[in-house]
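Q: Sending over target-v4.json (JSON, C-alpha atoms).
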[["chain", "number", "residue", "atom", "x", "y", "z"],
["A", 1, "MET", "CA", -73.61, 48.43, -38.91],
["A", 2, "ARG", "CA", -75.41, 45.76, -40.86],
["A", 3, "LYS", "CA", -78.72, 47.55, -40.30],
["A", 4, "LEU", "CA", -77.53, 50.79, -41.93],
["A", 5, "SER", "CA", -77.90, 51.37, -45.64],
["A", 6, "SER", "CA", -74.80, 51.62, -47.80],
["A", 7, "ALA", "CA", -75.50, 55.32, -48.31],
["A", 8, "ALA", "CA", -75.68, 55.84, -44.54],
["A", 9, "LEU", "CA", -72.38, 54.01, -44.08],
["A", 10, "ARG", "CA", -70.68, 56.22, -46.67],
["A", 11, "LYS", "CA", -72.14, 59.33, -45.02],
["A", 12, "ARG", "CA", -70.86, 58.19, -41.61],
["A", 13, "ARG", "CA", -67.41, 57.51, -43.09],
["A", 14, "ARG", "CA", -67.28, 61.01, -44.61],
["A", 15, "LYS", "CA", -68.34, 62.57, -41.31],
["A", 16, "LEU", "CA", -65.62, 60.64, -39.45],
["A", 17, "THR", "CA", -62.89, 61.90, -41.77],
["A", 18, "HIS", "CA", -63.91, 65.53, -41.18],
["A", 19, "GLY", "CA", -63.55, 65.20, -37.41],
["A", 20, "LEU", "CA", -59.97, 63.90, -37.42],
["A", 21, "PRO", "CA", -57.41, 65.64, -35.22],
["A", 22, "PRO", "CA", -54.49, 67.40, -36.96],
["A", 23, "ILE", "CA", -52.14, 64.64, -38.10],
["A", 24, "GLU", "CA", -49.05, 66.52, -36.92],
["A", 25, "GLN", "CA", -50.45, 66.67, -33.38],
["A", 26, "LEU", "CA", -50.18, 62.98, -32.45],
["A", 27, "LEU", "CA", -48.19, 61.06, -29.87],
["A", 28, "ARG", "CA", -48.41, 57.34, -29.27],
["A", 29, "GLY", "CA", -47.80, 56.14, -25.75],
["A", 30, "SER", "CA", -48.77, 56.72, -22.16],
["A", 31, "LEU", "CA", -47.91, 59.50, -19.76],
["A", 32, "ILE", "CA", -46.38, 58.11, -16.57],
["A", 33, "GLU", "CA", -46.05, 60.19, -13.40],
["A", 34, "THR", "CA", -43.39, 59.30, -10.82],
["A", 35, "TYR", "CA", -41.95, 60.65, -7.61],
["A", 36, "LYS", "CA", -38.31, 59.96, -6.75],
["A", 37, "ARG", "CA", -36.33, 59.86, -3.57],
["A", 38, "CYS", "CA", -32.91, 61.48, -3.77],
["A", 39, "GLY", "CA", -31.27, 59.38, -1.07],
["A", 40, "ARG", "CA", -30.09, 62.25, 1.16],
["A", 41, "PRO", "CA", -30.91, 61.32, 4.76],
["A", 42, "ASN", "CA", -32.11, 64.81, 5.80],
["A", 43, "CYS", "CA", -34.24, 65.55, 2.71],
["A", 44, "HIS", "CA", -38.01, 65.95, 2.98],
["A", 45, "CYS", "CA", -38.48, 63.13, 0.50],
["A", 46, "VAL", "CA", -37.43, 60.53, 3.09],
["A", 47, "ASP", "CA", -40.81, 60.75, 4.83],
["A", 48, "GLY", "CA", -42.88, 62.23, 2.01],
["A", 49, "PRO", "CA", -43.92, 61.13, -1.44],
["A", 50, "GLY", "CA", -40.61, 62.14, -2.99],
["A", 51, "HIS", "CA", -39.49, 64.76, -5.48],
["A", 52, "GLY", "CA", -41.84, 65.35, -8.32],
["A", 53, "PRO", "CA", -44.03, 64.78, -10.01],
["A", 54, "LYS", "CA", -41.78, 63.83, -12.90],
["A", 55, "ARG", "CA", -43.55, 62.77, -16.07],
["A", 56, "TYR", "CA", -42.38, 60.47, -18.82],
["A", 57, "LEU", "CA", -43.81, 59.46, -22.17],
["A", 58, "SER", "CA", -43.66, 55.67, -22.31],
["A", 59, "VAL", "CA", -43.71, 54.05, -25.75],
["A", 60, "SER", "CA", -43.09, 50.41, -26.64],
["A", 61, "GLN", "CA", -40.72, 50.13, -29.58],
["A", 62, "GLN", "CA", -39.69, 46.74, -30.90],
["A", 63, "GLY", "CA", -41.14, 45.11, -27.80],
["A", 64, "ARG", "CA", -39.13, 47.24, -25.38],
["A", 65, "PRO", "CA", -40.50, 50.19, -23.40],
["A", 66, "ARG", "CA", -38.82, 53.53, -23.91],
["A", 67, "ARG", "CA", -39.32, 56.49, -21.59],
["A", 68, "ASP", "CA", -38.72, 60.11, -22.54],
["A", 69, "TYR", "CA", -38.83, 62.92, -19.98],
["A", 70, "VAL", "CA", -41.73, 65.37, -20.35],
["A", 71, "PRO", "CA", -41.16, 68.84, -18.85],
["A", 72, "ASN", "CA", -44.01, 70.06, -16.63],
["A", 73, "ALA", "CA", -44.77, 72.90, -19.04],
["A", 74, "ALA", "CA", -45.26, 70.43, -21.91],
["A", 75, "GLN", "CA", -47.61, 68.09, -19.99],
["A", 76, "PRO", "CA", -50.94, 69.57, -21.20],
["A", 77, "GLN", "CA", -49.84, 69.48, -24.82],
["A", 78, "VAL", "CA", -48.48, 65.93, -24.51],
["A", 79, "MET", "CA", -51.76, 64.80, -22.95],
["A", 80, "GLN", "CA", -53.70, 66.38, -25.83],
["A", 81, "PHE", "CA", -51.44, 64.75, -28.45],
["A", 82, "ILE", "CA", -51.92, 61.34, -26.79],
["A", 83, "ALA", "CA", -55.70, 61.90, -26.75],
["A", 84, "ASN", "CA", -55.55, 62.88, -30.44],
["A", 85, "PHE", "CA", -53.76, 59.62, -31.24],
["A", 86, "ARG", "CA", -56.36, 57.56, -29.39],
["A", 87, "GLN", "CA", -59.17, 59.42, -31.16],
["A", 88, "LEU", "CA", -57.51, 58.82, -34.53],
["A", 89, "ARG", "CA", -57.14, 55.12, -33.80],
["A", 90, "GLU", "CA", -60.84, 54.84, -32.85],
["A", 91, "VAL", "CA", -61.89, 56.67, -36.02],
["A", 92, "LEU", "CA", -59.64, 54.47, -38.17],
["A", 93, "ASP", "CA", -61.12, 51.34, -36.59],
["A", 94, "GLU", "CA", -64.64, 52.55, -37.38],
["A", 95, "ILE", "CA", -63.73, 53.51, -40.95],
["A", 96, "CYS", "CA", -62.20, 50.06, -41.46],
["A", 97, "ALA", "CA", -65.36, 48.43, -40.11],
["A", 98, "ILE", "CA", -67.49, 50.48, -42.53],
["A", 99, "ASN", "CA", -65.25, 49.56, -45.45],
["A", 100, "THR", "CA", -65.37, 45.89, -44.44],
["A", 101, "GLU", "CA", -69.17, 46.00, -44.34],
["A", 102, "LEU", "CA", -69.30, 47.66, -47.77],
["A", 103, "LEU", "CA", -66.95, 45.01, -49.12],
["A", 104, "ARG", "CA", -69.08, 42.25, -47.57],
["A", 105, "ARG", "CA", -72.07, 43.71, -49.41],
["A", 106, "ARG", "CA", -70.04, 43.72, -52.62],
["A", 107, "GLU", "CA", -70.50, 47.50, -52.79],
["A", 108, "ASP", "CA", -68.17, 50.05, -54.33],
["A", 109, "LEU", "CA", -65.75, 51.21, -51.64],
["A", 110, "GLY", "CA", -65.40, 54.65, -53.19]]
What's the structure tokens form of this structure?
A:
Amino acid sequence: MRKLSSAALRKRRRKLTHGLPPIEQLLRGSLIETYKRCGRPNCHCVDGPGHGPKRYLSVSQQGRPRRDYVPNAAQPQVMQFIANFRQLREVLDEICAINTELLRRREDLG
């Protein structure tokens, strides 16, 4: 970043803001897939992988993990929302790095 001109940094920052995902389509967390055994002795799950897959959104809140059930029909959308959040975080990190470099150069941040 230090090799780029201040104008190039501002241009990159502008370009990053135009590629942001819709802010209302974000989910923080991880999608966890599990299979469960029901405990009935004659069920197919005794010798197989279990019932499932069951999916859960896992999010750490106040240092404790929380899991929320994700219906199978909602899985693609949940995966996209998680990807959107990760993309947003990467873009924010880059914008912050650009702003830090402009500040280091004693340039106008605007």
Q: How many Å lie between CA of Tyr35 (chain A) and CA of Arg66 (chain A), rounded to one decimal?
A: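 Interatomic distance, CA of Tyr35 (chain A) to CA of Arg66 (chain A): 18.1 Å.
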Q: Any idea what the distance is between CA of Val70 (chain A) and CA of Pro21 (chain A)?
A: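 CA of Pro21 (chain A) lies at a distance of 21.6 Å from CA of Val70 (chain A).
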Q: Applying 9 Å and all atoms listed in the file, which residues near region 94-96 of chain A remain after dropping the ones on its own chain fewer than 2 positions away? List them as a ChimeraX atom specification.
A: /A:12-13,16-17,89-92,98-101
Q: Could you tell me, as a list in words, which residues have any atom at most 12 Å from (-41.9, 64.2, -17.5), counting all atoms listed in the file?
A: Ser30, Leu31, Ile32, Glu33, Thr34, Tyr35, Gly52, Pro53, Lys54, Arg55, Tyr56, Leu57, Ser58, Arg67, Asp68, Tyr69, Val70, Pro71, Asn72, Ala73, Ala74, Gln75, Pro76, Val78 and Met79 of chain A
Q: Just give me the gap between CA of Gly63 (chain A) and CA of Ala97 (chain A) in Å, one decimal is fine.
A: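 According to the coordinates, CA of Gly63 (chain A) and CA of Ala97 (chain A) are separated by 27.4 Å.
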Q: If we count all atoms listed in the file and set the cut-off at 10 Å, which residues sit around Pro22 (chain A), ignoring sequence neighbours fewer than 5 positions away in its own chain? Please answer as an MDAnalysis selection string.
A: chainID A and resid 81 84:85 88
Q: Find the spatial neighbours of Arg105 (chain A), counting only C-alpha atoms, within a cut-off of 12 Å - ignore same-chain residues fewer than 2 positions away - and output them as number ranges by chain.
A: A: 1-6, 9, 98-103, 107-109
Q: Measuring between only C-alpha atoms, which one of A:Ala83, A:Arg37, A:Arg28, A:Asn42 shows the shortest distance to Val59 (chain A)?
A: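 The closest residue to Val59 (chain A) is A:Arg28.
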Q: Which residue is closest to Ser60 (chain A)? Choose from A:Gln87, A:Gly110, A:Arg40, A:Gly29 and count only C-alpha atoms.
A: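 The answer is A:Gly29, which sits nearest to Ser60 (chain A).
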Q: Could you write out as JSON the box around region 2-13 of chain A (axis-aligned, all atoms listed in the file, 8 Å on each side), with centre and edge lengths in Å to one decimal?
A:
{"center_x": -73.1, "center_y": 52.5, "center_z": -44.3, "size_x": 27.3, "size_y": 29.6, "size_z": 24.0}
Q: What lies within 8 Å of Lys36 (chain A) using all atoms listed in the file, ignoring chain neighbours under 2 positions off, as a PyMOL selection string?
A: chain A and resi 34+38+45+49-52
Q: Could those selected residues go to a file with C-alpha atoms, as a PDB file, keeping the file's coordinate frame?
A:
ATOM      1  CA  THR A  34     -43.390  59.300 -10.820  1.00  0.00           C
ATOM      2  CA  CYS A  38     -32.910  61.480  -3.770  1.00  0.00           C
ATOM      3  CA  CYS A  45     -38.480  63.130   0.500  1.00  0.00           C
ATOM      4  CA  PRO A  49     -43.920  61.130  -1.440  1.00  0.00           C
ATOM      5  CA  GLY A  50     -40.610  62.140  -2.990  1.00  0.00           C
ATOM      6  CA  HIS A  51     -39.490  64.760  -5.480  1.00  0.00           C
ATOM      7  CA  GLY A  52     -41.840  65.350  -8.320  1.00  0.00           C
TER       8      GLY A  52
END
Q: Write region 31-42 of chain A as a tab-separated table (two decimals), keeping the file's coordinate frame, completed to all heavy atoms.
A:
chain	number	residue	atom	x	y	z
A	31	LEU	N	-48.60	58.56	-20.62
A	31	LEU	CA	-47.91	59.50	-19.76
A	31	LEU	C	-47.83	58.88	-18.37
A	31	LEU	O	-48.84	58.52	-17.78
A	31	LEU	CB	-48.65	60.83	-19.72
A	31	LEU	CG	-47.90	62.02	-19.18
A	31	LEU	CD1	-46.65	62.30	-20.02
A	31	LEU	CD2	-48.78	63.25	-19.17
A	32	ILE	N	-46.62	58.73	-17.88
A	32	ILE	CA	-46.38	58.11	-16.57
A	32	ILE	C	-45.88	59.19	-15.62
A	32	ILE	O	-44.98	59.96	-15.97
A	32	ILE	CB	-45.36	56.98	-16.69
A	32	ILE	CG1	-45.92	55.87	-17.58
A	32	ILE	CG2	-45.00	56.43	-15.32
A	32	ILE	CD1	-44.92	54.79	-17.90
A	33	GLU	N	-46.44	59.21	-14.41
A	33	GLU	CA	-46.05	60.19	-13.40
A	33	GLU	C	-45.34	59.45	-12.26
A	33	GLU	O	-45.85	58.46	-11.76
A	33	GLU	CB	-47.30	60.90	-12.89
A	33	GLU	CG	-47.02	62.04	-11.96
A	33	GLU	CD	-48.27	62.81	-11.62
A	33	GLU	OE1	-48.71	63.62	-12.45
A	33	GLU	OE2	-48.81	62.59	-10.53
A	34	THR	N	-44.16	59.94	-11.90
A	34	THR	CA	-43.39	59.30	-10.82
A	34	THR	C	-42.89	60.35	-9.83
A	34	THR	O	-42.80	61.53	-10.14
A	34	THR	CB	-42.17	58.53	-11.38
A	34	THR	OG1	-41.28	59.47	-12.00
A	34	THR	CG2	-42.57	57.48	-12.37
A	35	TYR	N	-42.59	59.86	-8.65
A	35	TYR	CA	-41.95	60.65	-7.61
A	35	TYR	C	-40.68	59.89	-7.23
A	35	TYR	O	-40.70	58.67	-7.13
A	35	TYR	CB	-42.85	60.79	-6.39
A	35	TYR	CG	-44.07	61.65	-6.65
A	35	TYR	CD1	-45.19	61.13	-7.27
A	35	TYR	CD2	-44.08	62.99	-6.28
A	35	TYR	CE1	-46.30	61.91	-7.52
A	35	TYR	CE2	-45.20	63.78	-6.53
A	35	TYR	CZ	-46.30	63.24	-7.15
A	35	TYR	OH	-47.39	64.02	-7.39
A	36	LYS	N	-39.59	60.62	-7.04
A	36	LYS	CA	-38.31	59.96	-6.75
A	36	LYS	C	-37.74	60.44	-5.43
A	36	LYS	O	-37.89	61.58	-5.05
A	36	LYS	CB	-37.32	60.24	-7.88
A	36	LYS	CG	-37.81	59.71	-9.21
A	36	LYS	CD	-36.72	59.67	-10.22
A	36	LYS	CE	-37.30	59.04	-11.47
A	36	LYS	NZ	-36.32	58.63	-12.39
A	37	ARG	N	-37.06	59.53	-4.79
A	37	ARG	CA	-36.33	59.86	-3.57
A	37	ARG	C	-34.87	60.08	-3.95
A	37	ARG	O	-34.30	59.29	-4.70
A	37	ARG	CB	-36.46	58.75	-2.55
A	37	ARG	CG	-37.89	58.64	-2.02
A	37	ARG	CD	-37.99	57.61	-0.94
A	37	ARG	NE	-39.21	57.47	-0.20
A	37	ARG	CZ	-40.44	57.76	-0.53
A	37	ARG	NH1	-40.70	58.29	-1.66
A	37	ARG	NH2	-41.46	57.54	0.26
A	38	CYS	N	-34.28	61.13	-3.40
A	38	CYS	CA	-32.91	61.48	-3.77
A	38	CYS	C	-31.85	60.69	-3.00
A	38	CYS	O	-30.71	60.58	-3.44
A	38	CYS	CB	-32.67	62.98	-3.62
A	38	CYS	SG	-32.72	63.56	-1.90
A	39	GLY	N	-32.21	60.17	-1.85
A	39	GLY	CA	-31.27	59.38	-1.07
A	39	GLY	C	-30.55	60.15	0.03
A	39	GLY	O	-29.84	59.56	0.84
A	40	ARG	N	-30.70	61.47	0.07
A	40	ARG	CA	-30.09	62.25	1.16
A	40	ARG	C	-30.87	62.00	2.45
A	40	ARG	O	-32.10	62.13	2.44
A	40	ARG	CB	-30.06	63.73	0.81
A	40	ARG	CG	-29.12	64.04	-0.36
A	40	ARG	CD	-29.10	65.52	-0.66
A	40	ARG	NE	-30.43	65.85	-1.21
A	40	ARG	CZ	-30.89	67.07	-1.34
A	40	ARG	NH1	-30.16	68.11	-0.99
A	40	ARG	NH2	-32.08	67.29	-1.83
A	41	PRO	N	-30.20	61.70	3.53
A	41	PRO	CA	-30.91	61.32	4.76
A	41	PRO	C	-31.73	62.44	5.38
A	41	PRO	O	-32.72	62.17	6.06
A	41	PRO	CB	-29.80	60.87	5.70
A	41	PRO	CG	-28.53	61.38	5.12
A	41	PRO	CD	-28.76	61.59	3.66
A	42	ASN	N	-31.37	63.70	5.18
A	42	ASN	CA	-32.11	64.81	5.80
A	42	ASN	C	-33.11	65.47	4.86
A	42	ASN	O	-33.71	66.49	5.22
A	42	ASN	CB	-31.12	65.87	6.30
A	42	ASN	CG	-30.25	65.34	7.42
A	42	ASN	OD1	-30.68	64.45	8.16
A	42	ASN	ND2	-29.05	65.86	7.56
